[in-house]
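*Asks:* mmCIF, C-alpha atoms, file work_25.cif:
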```
data_my_file
loop_
_atom_site.label_atom_id
_atom_site.label_comp_id
_atom_site.auth_asym_id
_atom_site.auth_seq_id
_atom_site.Cartn_x
_atom_site.Cartn_y
_atom_site.Cartn_z
CA MET Q 1 0.00 0.00 0.00
CA VAL Q 2 1.20 3.48 -0.91
CA ARG Q 3 -0.60 6.14 1.13
CA ILE Q 4 -0.22 9.78 0.10
CA ARG Q 5 -1.75 12.29 2.51
CA GLY Q 6 -1.98 16.02 1.81
CA VAL Q 7 1.38 16.10 0.04
CA SER Q 8 2.74 19.44 -1.15
CA ARG Q 9 6.13 20.31 -2.60
CA ARG Q 10 6.94 24.02 -2.93
CA PHE Q 11 9.85 25.33 -4.99
CA PRO Q 12 11.78 28.63 -4.65
CA GLY Q 13 9.60 31.60 -5.49
CA GLY Q 14 6.53 29.97 -3.97
CA HIS Q 15 5.66 27.79 -6.98
CA TYR Q 16 4.07 24.47 -6.03
CA GLY Q 17 5.09 21.33 -7.90
CA VAL Q 18 2.29 19.39 -6.21
CA ARG Q 19 -0.26 20.73 -3.75
CA GLY Q 20 -2.58 18.90 -1.38
CA VAL Q 21 -2.43 15.52 -3.13
CA THR Q 22 -4.14 12.65 -1.30
CA LEU Q 23 -4.60 9.14 -2.66
CA ASP Q 24 -4.05 5.43 -1.96
CA VAL Q 25 -2.54 2.81 -4.25
CA ALA Q 26 -3.27 -0.73 -3.12
CA ARG Q 27 -0.67 -3.48 -3.26
CA GLY Q 28 -0.43 -4.84 -6.81
CA GLU Q 29 -2.38 -1.95 -8.37
CA THR Q 30 -1.29 0.16 -11.32
CA LEU Q 31 -1.70 3.93 -11.03
CA VAL Q 32 -1.20 6.03 -14.16
CA ILE Q 33 -0.61 9.78 -13.85
CA MET Q 34 -1.59 12.06 -16.73
CA GLY Q 35 -1.52 15.78 -17.27
CA PRO Q 36 0.05 18.58 -19.30
CA SER Q 37 3.70 19.54 -19.04
CA GLY Q 38 4.40 21.19 -15.69
CA SER Q 39 1.33 19.69 -14.02
CA GLY Q 40 3.36 18.02 -11.25
CA LYS Q 41 3.54 14.42 -12.51
CA SER Q 42 7.28 13.89 -12.10
CA THR Q 43 7.40 15.89 -8.89
CA LEU Q 44 4.78 13.65 -7.30
CA LEU Q 45 6.66 10.46 -8.23
CA ARG Q 46 9.95 11.94 -7.05
CA CYS Q 47 8.27 12.62 -3.72
CA VAL Q 48 7.18 8.97 -3.52
CA ASN Q 49 10.75 7.85 -4.25
CA GLY Q 50 12.20 10.28 -1.72
CA LEU Q 51 14.02 12.35 -4.35
CA GLU Q 52 12.03 15.44 -3.36
CA THR Q 53 11.54 16.66 0.21
CA LEU Q 54 7.93 17.21 1.30
CA ASP Q 55 6.85 20.64 2.51
CA GLU Q 56 3.49 19.36 3.74
CA GLY Q 57 1.81 16.01 4.26
CA GLU Q 58 3.25 12.50 4.41
CA ILE Q 59 3.84 9.43 2.27
CA ILE Q 60 3.73 5.97 3.83
CA ILE Q 61 4.80 2.80 2.01
CA ASP Q 62 3.75 -0.43 3.73
CA GLY Q 63 3.74 1.39 7.07
CA MET Q 64 7.13 3.08 6.49
CA ARG Q 65 7.43 6.84 6.13
CA VAL Q 66 9.21 8.29 3.11
CA ASN Q 67 11.36 10.76 5.01
CA HIS Q 68 15.14 11.18 5.17
CA ASP Q 69 14.90 11.90 8.89
CA THR Q 70 13.44 8.54 9.90
CA THR Q 71 14.98 5.11 10.42
CA ASP Q 72 12.58 3.79 7.76
CA TRP Q 73 14.36 5.62 4.93
CA ASN Q 74 16.80 2.88 3.87
CA LYS Q 75 14.04 0.28 4.07
CA VAL Q 76 11.84 2.43 1.83
CA ARG Q 77 14.61 2.74 -0.76
CA GLU Q 78 14.85 -1.04 -0.96
CA GLU Q 79 11.15 -1.27 -1.82
CA VAL Q 80 11.17 1.15 -4.77
CA GLY Q 81 12.71 0.80 -8.24
CA MET Q 82 12.55 3.73 -10.65
CA VAL Q 83 13.00 3.92 -14.44
CA PHE Q 84 13.51 7.43 -15.83
CA GLN Q 85 12.93 8.84 -19.29
CA GLY Q 86 16.60 9.81 -19.62
CA PHE Q 87 18.14 6.41 -18.74
CA HIS Q 88 20.71 7.91 -16.26
CA LEU Q 89 23.45 5.40 -17.09
CA PHE Q 90 27.16 5.82 -16.36
CA PRO Q 91 28.42 6.89 -19.83
CA ASN Q 92 31.93 5.44 -19.44
CA ARG Q 93 30.85 2.09 -18.01
CA THR Q 94 29.62 -0.96 -19.87
CA ALA Q 95 26.06 -2.22 -19.64
CA LEU Q 96 27.32 -4.90 -17.25
CA MET Q 97 29.16 -2.44 -15.00
CA ASN Q 98 26.12 -0.16 -14.89
CA LEU Q 99 24.49 -3.00 -12.97
CA VAL Q 100 27.54 -4.23 -11.05
CA LEU Q 101 28.55 -0.87 -9.54
CA PRO Q 102 25.29 -0.15 -7.69
CA GLN Q 103 25.55 -3.56 -6.06
CA THR Q 104 29.21 -3.42 -5.04
CA VAL Q 105 29.39 0.26 -4.07
CA VAL Q 106 25.96 0.86 -2.54
CA ARG Q 107 24.88 -2.59 -1.39
CA ARG Q 108 28.35 -4.00 -0.66
CA ARG Q 109 27.77 -7.23 -2.56
CA PRO Q 110 30.84 -9.34 -3.46
CA ALA Q 111 31.97 -8.58 -7.03
CA ALA Q 112 31.45 -12.14 -8.29
CA GLU Q 113 27.89 -12.28 -6.94
CA ALA Q 114 27.11 -8.83 -8.34
CA GLU Q 115 28.34 -9.83 -11.80
CA ARG Q 116 26.29 -13.05 -11.83
CA ASN Q 117 23.20 -11.12 -10.81
CA ALA Q 118 23.87 -8.41 -13.43
CA ARG Q 119 24.33 -10.92 -16.26
CA ALA Q 120 21.10 -12.70 -15.32
CA LEU Q 121 19.14 -9.43 -15.33
CA LEU Q 122 20.57 -8.29 -18.67
CA GLU Q 123 19.60 -11.64 -20.16
CA ARG Q 124 16.12 -11.25 -18.67
CA VAL Q 125 15.61 -7.97 -20.56
CA GLY Q 126 16.99 -9.34 -23.83
CA LEU Q 127 20.55 -7.94 -23.75
CA GLN Q 128 22.55 -11.15 -23.63
CA GLY Q 129 25.72 -10.67 -25.69
CA LYS Q 130 25.73 -6.88 -25.22
CA GLU Q 131 27.12 -6.80 -21.68
CA SER Q 132 30.43 -5.21 -22.75
CA ARG Q 133 28.94 -2.34 -24.74
CA LEU Q 134 29.05 1.27 -23.56
CA PRO Q 135 25.79 3.28 -23.52
CA SER Q 136 27.00 5.16 -26.63
CA GLU Q 137 27.12 1.81 -28.44
CA LEU Q 138 23.52 0.93 -27.56
CA SER Q 139 20.27 2.05 -29.15
CA GLY Q 140 17.74 4.07 -27.15
CA GLY Q 141 15.65 0.97 -26.56
CA GLU Q 142 18.70 -1.01 -25.41
CA LYS Q 143 19.74 1.74 -23.00
CA GLN Q 144 16.28 1.74 -21.53
CA ARG Q 145 16.49 -2.04 -21.10
CA VAL Q 146 19.69 -1.55 -19.08
CA ALA Q 147 17.84 1.01 -16.95
CA ILE Q 148 14.98 -1.46 -16.43
CA ALA Q 149 17.42 -4.19 -15.39
CA ARG Q 150 19.02 -1.79 -12.93
CA ALA Q 151 15.62 -0.99 -11.42
CA LEU Q 152 15.11 -4.71 -10.82
CA LEU Q 153 18.37 -5.13 -8.88
CA LYS Q 154 16.56 -4.79 -5.55
CA SER Q 155 13.58 -6.97 -6.55
CA PRO Q 156 11.40 -3.97 -5.62
CA ARG Q 157 7.77 -4.36 -4.68
CA ILE Q 158 7.03 -0.91 -6.09
CA LEU Q 159 8.03 0.23 -9.59
CA ILE Q 160 7.96 3.83 -10.79
CA PHE Q 161 8.11 4.60 -14.52
CA ASP Q 162 8.68 8.30 -15.21
CA GLU Q 163 7.77 8.60 -18.91
CA ALA Q 164 10.10 5.67 -19.46
CA THR Q 165 9.30 5.30 -23.19
CA SER Q 166 8.70 8.88 -24.35
CA ALA Q 167 12.28 9.34 -25.64
CA LEU Q 168 12.09 6.26 -27.88
CA ASP Q 169 10.94 5.75 -31.45
CA SER Q 170 7.55 4.08 -31.88
CA ARG Q 171 8.99 0.63 -32.60
CA SER Q 172 11.26 0.68 -29.54
CA GLU Q 173 8.46 2.14 -27.45
CA LYS Q 174 6.15 -0.79 -28.18
CA ALA Q 175 8.86 -3.31 -27.28
CA ILE Q 176 9.83 -1.52 -24.07
CA GLN Q 177 6.19 -1.01 -23.09
CA ALA Q 178 5.63 -4.76 -23.39
CA GLU Q 179 8.72 -5.33 -21.23
CA LEU Q 180 7.49 -2.87 -18.59
CA GLU Q 181 4.10 -4.55 -18.45
CA ARG Q 182 5.76 -7.95 -18.01
CA ILE Q 183 8.02 -6.94 -15.13
CA ALA Q 184 5.23 -4.96 -13.45
CA GLN Q 185 3.06 -8.04 -12.95
CA GLY Q 186 2.48 -8.63 -9.24
CA ARG Q 187 4.06 -5.32 -8.27
CA THR Q 188 2.55 -1.99 -7.28
CA THR Q 189 3.24 0.29 -10.23
CA LEU Q 190 3.13 4.08 -10.60
CA VAL Q 191 3.43 5.31 -14.17
CA ILE Q 192 3.64 8.62 -15.97
CA ALA Q 193 2.40 7.98 -19.50
CA HIS Q 194 2.01 10.22 -22.52
CA ARG Q 195 0.18 7.75 -24.77
CA LEU Q 196 -3.35 7.12 -23.53
CA SER Q 197 -3.54 3.83 -25.43
CA THR Q 198 -1.06 2.34 -22.93
CA VAL Q 199 -3.16 3.15 -19.84
CA MET Q 200 -6.59 1.73 -20.64
CA ASP Q 201 -6.16 -1.23 -18.26
CA ALA Q 202 -4.81 0.78 -15.31
CA ASP Q 203 -6.58 0.33 -11.97
CA GLN Q 204 -6.51 4.09 -11.39
CA ILE Q 205 -5.85 7.04 -13.67
CA LEU Q 206 -4.97 10.36 -12.09
CA VAL Q 207 -5.15 13.64 -14.02
CA LEU Q 208 -3.09 16.47 -12.55
CA ASN Q 209 -3.10 20.15 -13.40
CA HIS Q 210 -1.08 22.85 -11.61
CA GLY Q 211 -0.07 20.27 -9.01
CA ARG Q 212 -3.61 19.33 -8.02
CA ILE Q 213 -5.79 16.30 -8.81
CA VAL Q 214 -8.52 17.35 -11.24
CA GLU Q 215 -9.83 13.90 -12.24
CA ARG Q 216 -9.47 10.36 -10.92
CA GLY Q 217 -10.93 7.02 -11.99
CA ALA Q 218 -10.66 4.13 -14.43
CA HIS Q 219 -10.53 4.65 -18.20
CA GLN Q 220 -14.24 4.25 -18.93
CA GLN Q 221 -15.27 6.29 -15.90
CA LEU Q 222 -13.12 9.20 -17.02
CA LEU Q 223 -14.43 9.05 -20.57
CA GLU Q 224 -17.98 9.28 -19.21
CA LEU Q 225 -17.03 12.40 -17.23
CA LYS Q 226 -16.33 14.16 -20.54
CA GLY Q 227 -13.64 16.23 -18.87
CA GLU Q 228 -9.89 16.70 -19.32
CA TYR Q 229 -9.08 13.00 -19.78
CA ALA Q 230 -11.84 12.57 -22.36
CA ARG Q 231 -10.52 15.60 -24.22
CA MET Q 232 -6.97 14.17 -24.27
CA TRP Q 233 -8.29 10.80 -25.41
CA ALA Q 234 -10.27 12.31 -28.29
CA LEU Q 235 -7.28 14.38 -29.41
CA GLN Q 236 -4.95 11.38 -29.47
CA GLN Q 237 -7.53 9.29 -31.33
CA GLN Q 238 -7.70 12.00 -33.99
CA GLN Q 239 -3.91 12.11 -34.24
CA ALA Q 240 -3.72 8.32 -34.57
CA GLU Q 241 -6.33 8.34 -37.34
CA ALA Q 242 -4.48 11.12 -39.19
CA LYS Q 243 -1.20 9.21 -38.91
CA ALA Q 244 -2.83 6.04 -40.24
CA VAL Q 245 -4.23 7.95 -43.24
CA LEU Q 246 -0.83 9.49 -43.95
CA GLU Q 247 0.95 6.12 -43.78
CA THR Q 248 -1.63 4.57 -46.11
CA THR Q 249 -1.18 7.44 -48.57
CA VAL Q 250 2.62 7.10 -48.52
CA GLU Q 251 2.40 3.33 -49.05
CA ALA Q 252 0.00 3.79 -51.95
CA ALA Q 253 2.28 6.40 -53.56
CA GLY Q 254 5.26 4.07 -53.34
CA ALA Q 255 3.43 1.05 -54.74
#
```
Please express what this file holds, its structure, as structure tokens.
*Replies:*
Amino acid sequence: MVRIRGVSRRFPGGHYGVRGVTLDVARGETLVIMGPSGSGKSTLLRCVNGLETLDEGEIIIDGMRVNHDTTDWNKVREEVGMVFQGFHLFPNRTALMNLVLPQTVVRRRPAAEAERNARALLERVGLQGKESRLPSELSGGEKQRVAIARALLKSPRILIFDEATSALDSRSEKAIQAELERIAQGRTTLVIAHRLSTVMDADQILVLNHGRIVERGAHQQLLELKGEYARMWALQQQQAEAKAVLETTVEAAGA
């Protein structure tokens, strides 16, 4: 269970990243967060992961408070794995070492054990044979697979995906999205998504604007509200139809 109670994060100048957010995410549920740029999506997830300090409210994960000042903090960190949009890999380290270093430096695992674990995880995400490549030698999709493997190092019960596929081309995005869905099974998952077609099966969808919750519910419920989510859905459907027409036209011209 992730319990968020009256959470606010205020930045210099008085601007709020999130303000007064309250919600629960049950164990094993998937929560998707939507909203325009600057609405507070990433800030909220960074608060859950402890990367942002709360100005108001509290976040409790399985009875443990997300707060640097409590003895629960290290336990909380072990429960949460996060995959970012920008990969955040060590540029001068191989794919293998990007997984070995967090284990040996942070978790003090023996080098041999860390390497075995890293190789197994890279194989799990389809990167067997590419362990010795630097990030610059990997495609965007492959770099994101390394980041996913790294998030799994702790066998976290909670996964956070911060627009994890938005920097990828459409082909890579589909493959990575399938991978994310596979590893999320049985885990509590919090996701920022920019494609509405990927969130239809979410247990909860949250729409933020100016740091506040403006809509909350499942896909069909939000469509029936005919509010912000329904507007975003209709717009993306129109864009998808226009893209399909364009691709058909191009194929016909080349035939």
*Asks:* On this file, the PyMOL selection byres ((chain Q and resi 79) around 9) gives some set of residues; write that set as number ranges by chain.
*Replies:* Q: 61, 75-78, 80-81, 154-159
*Asks:* Quick one, how far is atom CA of Gly40 of chain Q from atom CA of Tyr16 of chain Q?
*Replies:* 8.3 Å
*Asks:* In Å, with one decimal, what is the gap from atom CA of Ala252 of chain Q to atom CA of Trp233 of chain Q?
*Replies:*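 Rounded to one decimal, the two atoms are 28.7 Å apart.
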*Asks:* When the PyMOL selection byres ((chain Q and resi 118) around 8) is applied to the structure above, which residues does it catch, written out as a PyMOL selection string?
*Replies:* chain Q and resi 96+99-100+114-117+119-122+149+153
*Asks:* List the neighbours of Arg10 of chain Q out to 12 Å using all atoms listed in the file; skip same-chain residues closer than 2 positions along the sequence, and give me the result as a list in words.
*Replies:*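 Residues near the query, excluding close chain neighbours: Val7, Ser8, Pro12, Gly13, Gly14, His15, Tyr16, Gly17, Val18, Arg19, Gly20, Gly40, Thr43, Leu44, Cys47, Glu52, Thr53, Leu54, Asp55, Glu56, Gly57, His210 and Gly211 of chain Q.
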*Asks:* At a cut-off of 9 Å, using all atoms listed in the file, what residues contact Lys130 of chain Q? Leave out same-chain residues fewer than 3 positions from it and give the result as a PDB file with C-alpha atoms, in the frame of the given file.
*Replies:*
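Result saved to part23.pdb:
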```
ATOM      1  CA  THR Q  94      29.620  -0.960 -19.870  1.00  0.00           C
ATOM      2  CA  ALA Q  95      26.060  -2.220 -19.640  1.00  0.00           C
ATOM      3  CA  LEU Q  96      27.320  -4.900 -17.250  1.00  0.00           C
ATOM      4  CA  LEU Q 122      20.570  -8.290 -18.670  1.00  0.00           C
ATOM      5  CA  LEU Q 127      20.550  -7.940 -23.750  1.00  0.00           C
ATOM      6  CA  ARG Q 133      28.940  -2.340 -24.740  1.00  0.00           C
ATOM      7  CA  LEU Q 134      29.050   1.270 -23.560  1.00  0.00           C
ATOM      8  CA  LEU Q 138      23.520   0.930 -27.560  1.00  0.00           C
TER       9      LEU Q 138
END
```
*Asks:* What does the structure give for the distance between atom CA of Val207 of chain Q and atom CA of Gly63 of chain Q, in Å to one decimal?
*Replies:*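 A separation of 26.0 Å between them.
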*Asks:* What does the PyMOL selection byres ((chain Q and resi 212-220) around 9) select in this file, as a list in words?
*Replies:*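 Residues picked by the PyMOL selection byres ((chain Q and resi 212-220) around 9): Gly17, Val18, Arg19, Gly20, Val21, Thr22, Ser39, Gly40, Val199, Met200, Asp201, Ala202, Asp203, Gln204, Ile205, Leu206, Val207, Leu208, Asn209, His210, Gly211, Gln221, Leu222, Leu223, Glu224, Leu225, Gly227, Glu228 and Tyr229 of chain Q.
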*Asks:* Once N, CA and C atoms are restored for segment 135-164 of chain Q, what would the output be as a CSV table (one decimal), in the frame of the given file?
*Replies:*
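Below is the file that was written, out-v4.csv:
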```csv
chain,number,residue,atom,x,y,z
Q,135,PRO,N,27.1,2.7,-23.1
Q,135,PRO,CA,25.8,3.3,-23.5
Q,135,PRO,C,25.8,3.9,-24.9
Q,136,SER,N,26.9,4.5,-25.3
Q,136,SER,CA,27.0,5.2,-26.6
Q,136,SER,C,26.9,4.1,-27.8
Q,137,GLU,N,27.2,2.9,-27.4
Q,137,GLU,CA,27.1,1.8,-28.4
Q,137,GLU,C,25.8,1.1,-28.5
Q,138,LEU,N,24.8,1.5,-27.7
Q,138,LEU,CA,23.5,0.9,-27.6
Q,138,LEU,C,22.5,1.8,-28.2
Q,139,SER,N,21.4,1.3,-28.7
Q,139,SER,CA,20.3,2.0,-29.2
Q,139,SER,C,19.5,2.6,-28.0
Q,140,GLY,N,18.6,3.5,-28.2
Q,140,GLY,CA,17.7,4.1,-27.2
Q,140,GLY,C,17.0,3.0,-26.4
Q,141,GLY,N,16.4,2.1,-27.2
Q,141,GLY,CA,15.6,1.0,-26.6
Q,141,GLY,C,16.5,0.1,-25.7
Q,142,GLU,N,17.8,-0.2,-26.2
Q,142,GLU,CA,18.7,-1.0,-25.4
Q,142,GLU,C,19.1,-0.3,-24.1
Q,143,LYS,N,19.4,1.0,-24.2
Q,143,LYS,CA,19.7,1.7,-23.0
Q,143,LYS,C,18.6,1.7,-22.0
Q,144,GLN,N,17.4,1.8,-22.5
Q,144,GLN,CA,16.3,1.7,-21.5
Q,144,GLN,C,16.2,0.3,-20.9
Q,145,ARG,N,16.5,-0.7,-21.7
Q,145,ARG,CA,16.5,-2.0,-21.1
Q,145,ARG,C,17.5,-2.2,-20.0
Q,146,VAL,N,18.7,-1.6,-20.2
Q,146,VAL,CA,19.7,-1.6,-19.1
Q,146,VAL,C,19.1,-0.9,-17.8
Q,147,ALA,N,18.4,0.3,-18.1
Q,147,ALA,CA,17.8,1.0,-17.0
Q,147,ALA,C,16.8,0.2,-16.2
Q,148,ILE,N,16.0,-0.6,-17.0
Q,148,ILE,CA,15.0,-1.5,-16.4
Q,148,ILE,C,15.6,-2.5,-15.6
Q,149,ALA,N,16.7,-3.2,-16.1
Q,149,ALA,CA,17.4,-4.2,-15.4
Q,149,ALA,C,18.0,-3.6,-14.1
Q,150,ARG,N,18.5,-2.4,-14.1
Q,150,ARG,CA,19.0,-1.8,-12.9
Q,150,ARG,C,17.9,-1.6,-11.9
Q,151,ALA,N,16.7,-1.2,-12.3
Q,151,ALA,CA,15.6,-1.0,-11.4
Q,151,ALA,C,15.2,-2.3,-10.7
Q,152,LEU,N,15.5,-3.4,-11.4
Q,152,LEU,CA,15.1,-4.7,-10.8
Q,152,LEU,C,16.1,-5.3,-9.9
Q,153,LEU,N,17.3,-4.6,-9.7
Q,153,LEU,CA,18.4,-5.1,-8.9
Q,153,LEU,C,17.9,-5.5,-7.5
Q,154,LYS,N,17.0,-4.6,-6.9
Q,154,LYS,CA,16.6,-4.8,-5.6
Q,154,LYS,C,15.3,-5.7,-5.4
Q,155,SER,N,14.9,-6.2,-6.5
Q,155,SER,CA,13.6,-7.0,-6.6
Q,155,SER,C,12.5,-6.1,-5.9
Q,156,PRO,N,12.3,-4.9,-6.3
Q,156,PRO,CA,11.4,-4.0,-5.6
Q,156,PRO,C,10.0,-4.4,-5.7
Q,157,ARG,N,9.2,-4.1,-4.7
Q,157,ARG,CA,7.8,-4.4,-4.7
Q,157,ARG,C,7.0,-3.2,-5.3
Q,158,ILE,N,7.7,-2.1,-5.5
Q,158,ILE,CA,7.0,-0.9,-6.1
Q,158,ILE,C,7.9,-0.4,-7.2
Q,159,LEU,N,7.3,-0.3,-8.4
Q,159,LEU,CA,8.0,0.2,-9.6
Q,159,LEU,C,7.5,1.6,-10.0
Q,160,ILE,N,8.4,2.5,-10.3
Q,160,ILE,CA,8.0,3.8,-10.8
Q,160,ILE,C,8.5,4.0,-12.2
Q,161,PHE,N,7.7,4.3,-13.2
Q,161,PHE,CA,8.1,4.6,-14.5
Q,161,PHE,C,7.8,6.1,-14.8
Q,162,ASP,N,8.8,6.9,-14.9
Q,162,ASP,CA,8.7,8.3,-15.2
Q,162,ASP,C,8.9,8.6,-16.7
Q,163,GLU,N,7.8,8.4,-17.5
Q,163,GLU,CA,7.8,8.6,-18.9
Q,163,GLU,C,8.9,7.8,-19.5
Q,164,ALA,N,9.0,6.5,-19.1
Q,164,ALA,CA,10.1,5.7,-19.5
Q,164,ALA,C,10.2,5.4,-20.9
```
